[in-house]
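Everything on this sheet refers to the single structure shown next.
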Amino acid sequence: MDKVKDDIAHFIDRHASALLEVSHAIHANPELAFKEYEASALLTRTLEHHKQHVNSKVYGLETAFEAQIPADSGPSIDILAEYDALPGIGHACGHNIIATSALGAFLALKSVDVSLTGSVRLLGTPAEERGGGKEVMARNGAFDKTDAAIMMHPAGINLATMPCICVAEVRAVYQGRSAHASAMPHRGVNALDGLLLAYQAISNLRQHIQHTERIHGIITEGGQAPNIVPDRASGEFYVRAANADELEVLKPRVQACFEAGAKGSGSDVETTWGEVDYLDLNTNWPLAESFQHNAEALGRDFFPYEKLGSAGAGSTDMGNVSHRVPSIHPMLAAAPPNVVIHNPEFEKWAGGEMGDQAALDGAKALAMTALDFLNDPALQQASQQAFDVSKGLA
C-alpha cells in the first residue's frame, strides 16, 4: 500500500491551495452550533466540484451532510468533519482544520478508489461545541451501518488520542418578584440572590468532588438595573465526570445546589438539563496506532500519551460515537505547546501556516489510516476485538 499512500500524499499536495482556501474561508466566517450554513454549503460545493454527489440536511440536522465512495462489499469507514465555532473567539478550537482535513482525506481516497476494498463516507457533523450534534445524528441512524469512524483535532502537541471526559449541560432560571431596591426592598424577591447562592453552593461542592470531575458556569442574566430587585436571573453550567456512571451521580448533587439557592432566596428555579450528555472517549487503539504511524511517516513526533495522565481533559461528542463503533480522535499540533485550544491565541494559529500544515498532514494521515483499515483484514479484526473488549462484549 506504500504506492497508494504516496498517491494520496501527492493528491493532497497538488490540491493544497484549494483545500486551504476552504479552511481559511471557514476560519474567516465563524458560525455557531446548528447554524453552520455557509461552512456546510462551502464543503458541499467543493465536493460537487469534484463530481461527488452529496446528501444534505441528513440525520435530523439542517447543516449535516454526507458523501460516499461506495463499494459492492467489504468494510466501511466514516471520516467526520466538524465546522462550528465558539462564541466570541471564533475557531479557537480549530474546526476549520478539522473540516479541511476530513474533506482532503475523502477527496484523496476518491482519487485512488480503485485501490479500496470497502466504502468510505464523509460525514459533516454540526454542533460539536454544544448541543451534541453527533449524538443527535446517531439517534437518527447515522452510524448504524459503519464499521469505524475517524477524525483529527488540532492542538498544541501531537497526540494519539485526546484526554476526554463526559459533560452535561444545564441551564438554571430563577424567578422572583421585582420591587424598588431602595424604597420597597421588602416587597421584592431577589432572583439574582437565588442564582448567586446556587453558584456559591457549587463552588463549595467543587471542594468535595473527584479530581476527574469539573463544574463550571456563567451568569447569563442578572437583572435590569441596580435600583430594581431582579425578578429573573439565569445561568449556564457544565458538569463533567470521567464516565457516564460518575456523571449520573454528580448531576443530582449539582441539582441540589440550584434548589438550595431557590429555598434560601425565596425564589423559584427551573433547571433544564441538556438532551445530550457527551460521553468519554473510548479510543480504539489499533486504529489510533495506525494513525500515529502514518503521521510519523509525514515527519510528526508524538508525545507519549501514557505520560500525559488526565491533564488537559476536555469533552467531545465524538465520545458518543466511540461507544457505538470503533473510533479515534487523534490530535495534531497546529500551534506551539504553550497555546491551548479555546483560547483567542489559538484562533490565530488555526488560520496561519502551522494550522494549514496540520490540515494537510491531517488529511494525509486520515486517508492513509482509512486505507489501512479497508485493506487490512488483520487491522479490521484487531479494531473490532478491541472495541468488543472495551464494551465488555469479549
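In the C-alpha cells, the first chain shown is A, the next is B, and so on; residue numbers restart at 1 for each chain, and ligands run from 1 in the order shown.
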
Practice prompt. Select from segment 89-325 of chain A everything DSSP, run on the backbone, classes as helix (DSSP H, G or I), then give the selection as JSON, numbers by chain.
Written response: {"A": [95, 96, 97, 98, 99, 100, 101, 102, 103, 104, 105, 106, 107, 108, 109, 110, 111, 113, 114, 115, 133, 134, 135, 136, 137, 138, 139, 185, 186, 187, 191, 192, 193, 194, 195, 196, 197, 198, 199, 200, 201, 202, 203, 204, 205, 206, 207, 208, 244, 245, 246, 247, 248, 249, 250, 251, 252, 253, 254, 255, 256, 257, 258, 259, 260, 261, 262, 263, 264, 265, 285, 286, 287, 288, 289, 290, 291, 292, 293, 294, 295, 296, 297, 305, 306, 307, 318, 319, 320, 321, 322]}

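Within 12 Å of segment 385-393 of chain A there are A:Asp147, A:Ala148, A:Leu281, A:Asn282, A:Thr283, A:Asn284, A:Trp285, A:Pro286, A:Leu287, A:Ala288, A:Val321, A:Ser322, A:His323, A:Arg324, A:Val325, A:Pro326, A:Ser327, A:Ile328, A:Ala378, A:Leu379, counting only C-alpha atoms and ignoring same-chain residues fewer than 6 positions away.
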
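Picture a line from atom CA of Lys263 of chain A to atom CA of Val167 of chain A; it runs 26.6 Å.
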
Which residues are near Leu32 of chain A? Cut-off 9 Å, only C-alpha atoms, ignore same chain within fewer than 2 positions. Put them as a short mmCIF file (atom, residue, chain, number, x, y, z; two decimals) with C-alpha atoms, in the first residue's frame.
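Just written: around.cif:
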data_model
loop_
_atom_site.label_atom_id
_atom_site.label_comp_id
_atom_site.auth_asym_id
_atom_site.auth_seq_id
_atom_site.Cartn_x
_atom_site.Cartn_y
_atom_site.Cartn_z
CA PRO A 30 -17.20 31.52 12.24
CA PHE A 34 -26.54 24.25 14.38
CA LYS A 35 -26.11 27.42 12.29
CA GLU A 36 -23.09 26.48 10.15
CA TYR A 83 -17.13 23.15 11.36
CA ASP A 84 -18.90 25.05 14.16
CA ALA A 85 -17.16 27.81 16.08
CA LEU A 86 -17.11 29.27 19.59
CA PRO A 87 -18.97 32.40 20.73
CA GLY A 90 -14.38 32.01 16.58
CA ALA A 127 -22.73 21.33 16.67
CA GLU A 129 -19.22 22.81 20.69
CA ARG A 130 -22.66 22.49 22.22
#

Discussion item. Which residues are close to Cys166 of chain A, i.e. within 6 Å by only C-alpha atoms, leaving aside same-chain residues fewer than 5 positions away? Reply as a VMD selection string.
Written reply: chain A and resid 240 to 243 278 to 280 315

Worksheet item: How many Å separate atom CA of Val340 of chain A from atom CA of Asn96 of chain A?
Response: 16.0 Å

Practice prompt. Could you pull out the residues in segment 42-239 of chain A that DSSP calls strand (DSSP E or B) from the backbone, as a ChimeraX atom specification?
Written response: /A:55-56,65-69,76-81,86,90,119-124,149-150,153-155,159,164,166-175,177,180,189,214-221,228,232-239

Fill in: Top pick for closest residue to Ser101 of chain A, considering A:Gly355, A:Gly194, A:Gly60, A:Pro337 and counting only C-alpha atoms
A:Gly355

Worksheet item: If we count only C-alpha atoms, what is near segment 132-145 of chain A at a cut-off of 10 Å, once residues fewer than 6 positions away on the same chain are taken out, given as a ChimeraX atom specification?
Response: /A:33-34,58-61,63-64,66,75-78,80,82,123-126,274-279,316-321,324-325

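Atom CA of Arg171 of chain A lies 16.5 Å from atom CA of Ser203 of chain A.
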
Selection: 10 Å around Gly351 of chain A, only C-alpha atoms, excl. self and same-chain fewer than 3 positions, as an mmCIF file with C-alpha atoms, in the first residue's frame:
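Resulting contents of part-v5.cif:
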data_model
loop_
_atom_site.group_PDB
_atom_site.id
_atom_site.type_symbol
_atom_site.label_atom_id
_atom_site.label_comp_id
_atom_site.auth_asym_id
_atom_site.auth_seq_id
_atom_site.Cartn_x
_atom_site.Cartn_y
_atom_site.Cartn_z
ATOM 1 C CA LEU A 20 -6.551 25.741 2.350
ATOM 2 C CA SER A 23 -10.008 26.233 5.641
ATOM 3 C CA HIS A 24 -9.412 29.979 5.518
ATOM 4 C CA ALA A 25 -12.971 30.710 4.381
ATOM 5 C CA ILE A 26 -14.456 28.736 7.270
ATOM 6 C CA HIS A 27 -11.994 30.360 9.665
ATOM 7 C CA ALA A 28 -12.914 33.860 8.454
ATOM 8 C CA HIS A 91 -12.366 28.982 15.510
ATOM 9 C CA ALA A 92 -10.247 28.876 18.650
ATOM 10 C CA GLY A 94 -9.641 24.867 15.014
ATOM 11 C CA ASN A 96 -11.777 24.828 10.142
ATOM 12 C CA ILE A 97 -8.769 22.495 10.267
ATOM 13 C CA ALA A 334 -1.391 23.378 14.873
ATOM 14 C CA PHE A 346 -5.220 29.505 19.255
ATOM 15 C CA GLU A 347 -7.712 31.060 16.844
ATOM 16 C CA LYS A 348 -4.860 32.984 15.219
ATOM 17 C CA MET A 354 1.053 25.947 11.300
ATOM 18 C CA GLY A 355 -2.695 25.377 11.186
ATOM 19 C CA ASP A 356 -2.505 24.950 7.415
#

Discussion item. Residues within 10 Å of Ser119 of chain A, please, as a PyMOL selection string. Count only C-alpha atoms; anything in the same chain fewer than 3 positions from it doesn't count.
Written reply: chain A and resi 68-78+109+113+116+146-147+370+374

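Nearest-residue note for Tyr199 of chain A: choosing from A:Leu250, A:Ala256, A:Met162, A:Met331, the minimum distance belongs to A:Ala256, counting only C-alpha atoms.
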
Discussion item. I need the residue nearest Phe373 of chain A from this list: A:Ser290, A:Thr271, A:Asn204, A:Thr220. Use only C-alpha atoms for the distance.
Written reply: A:Ser290
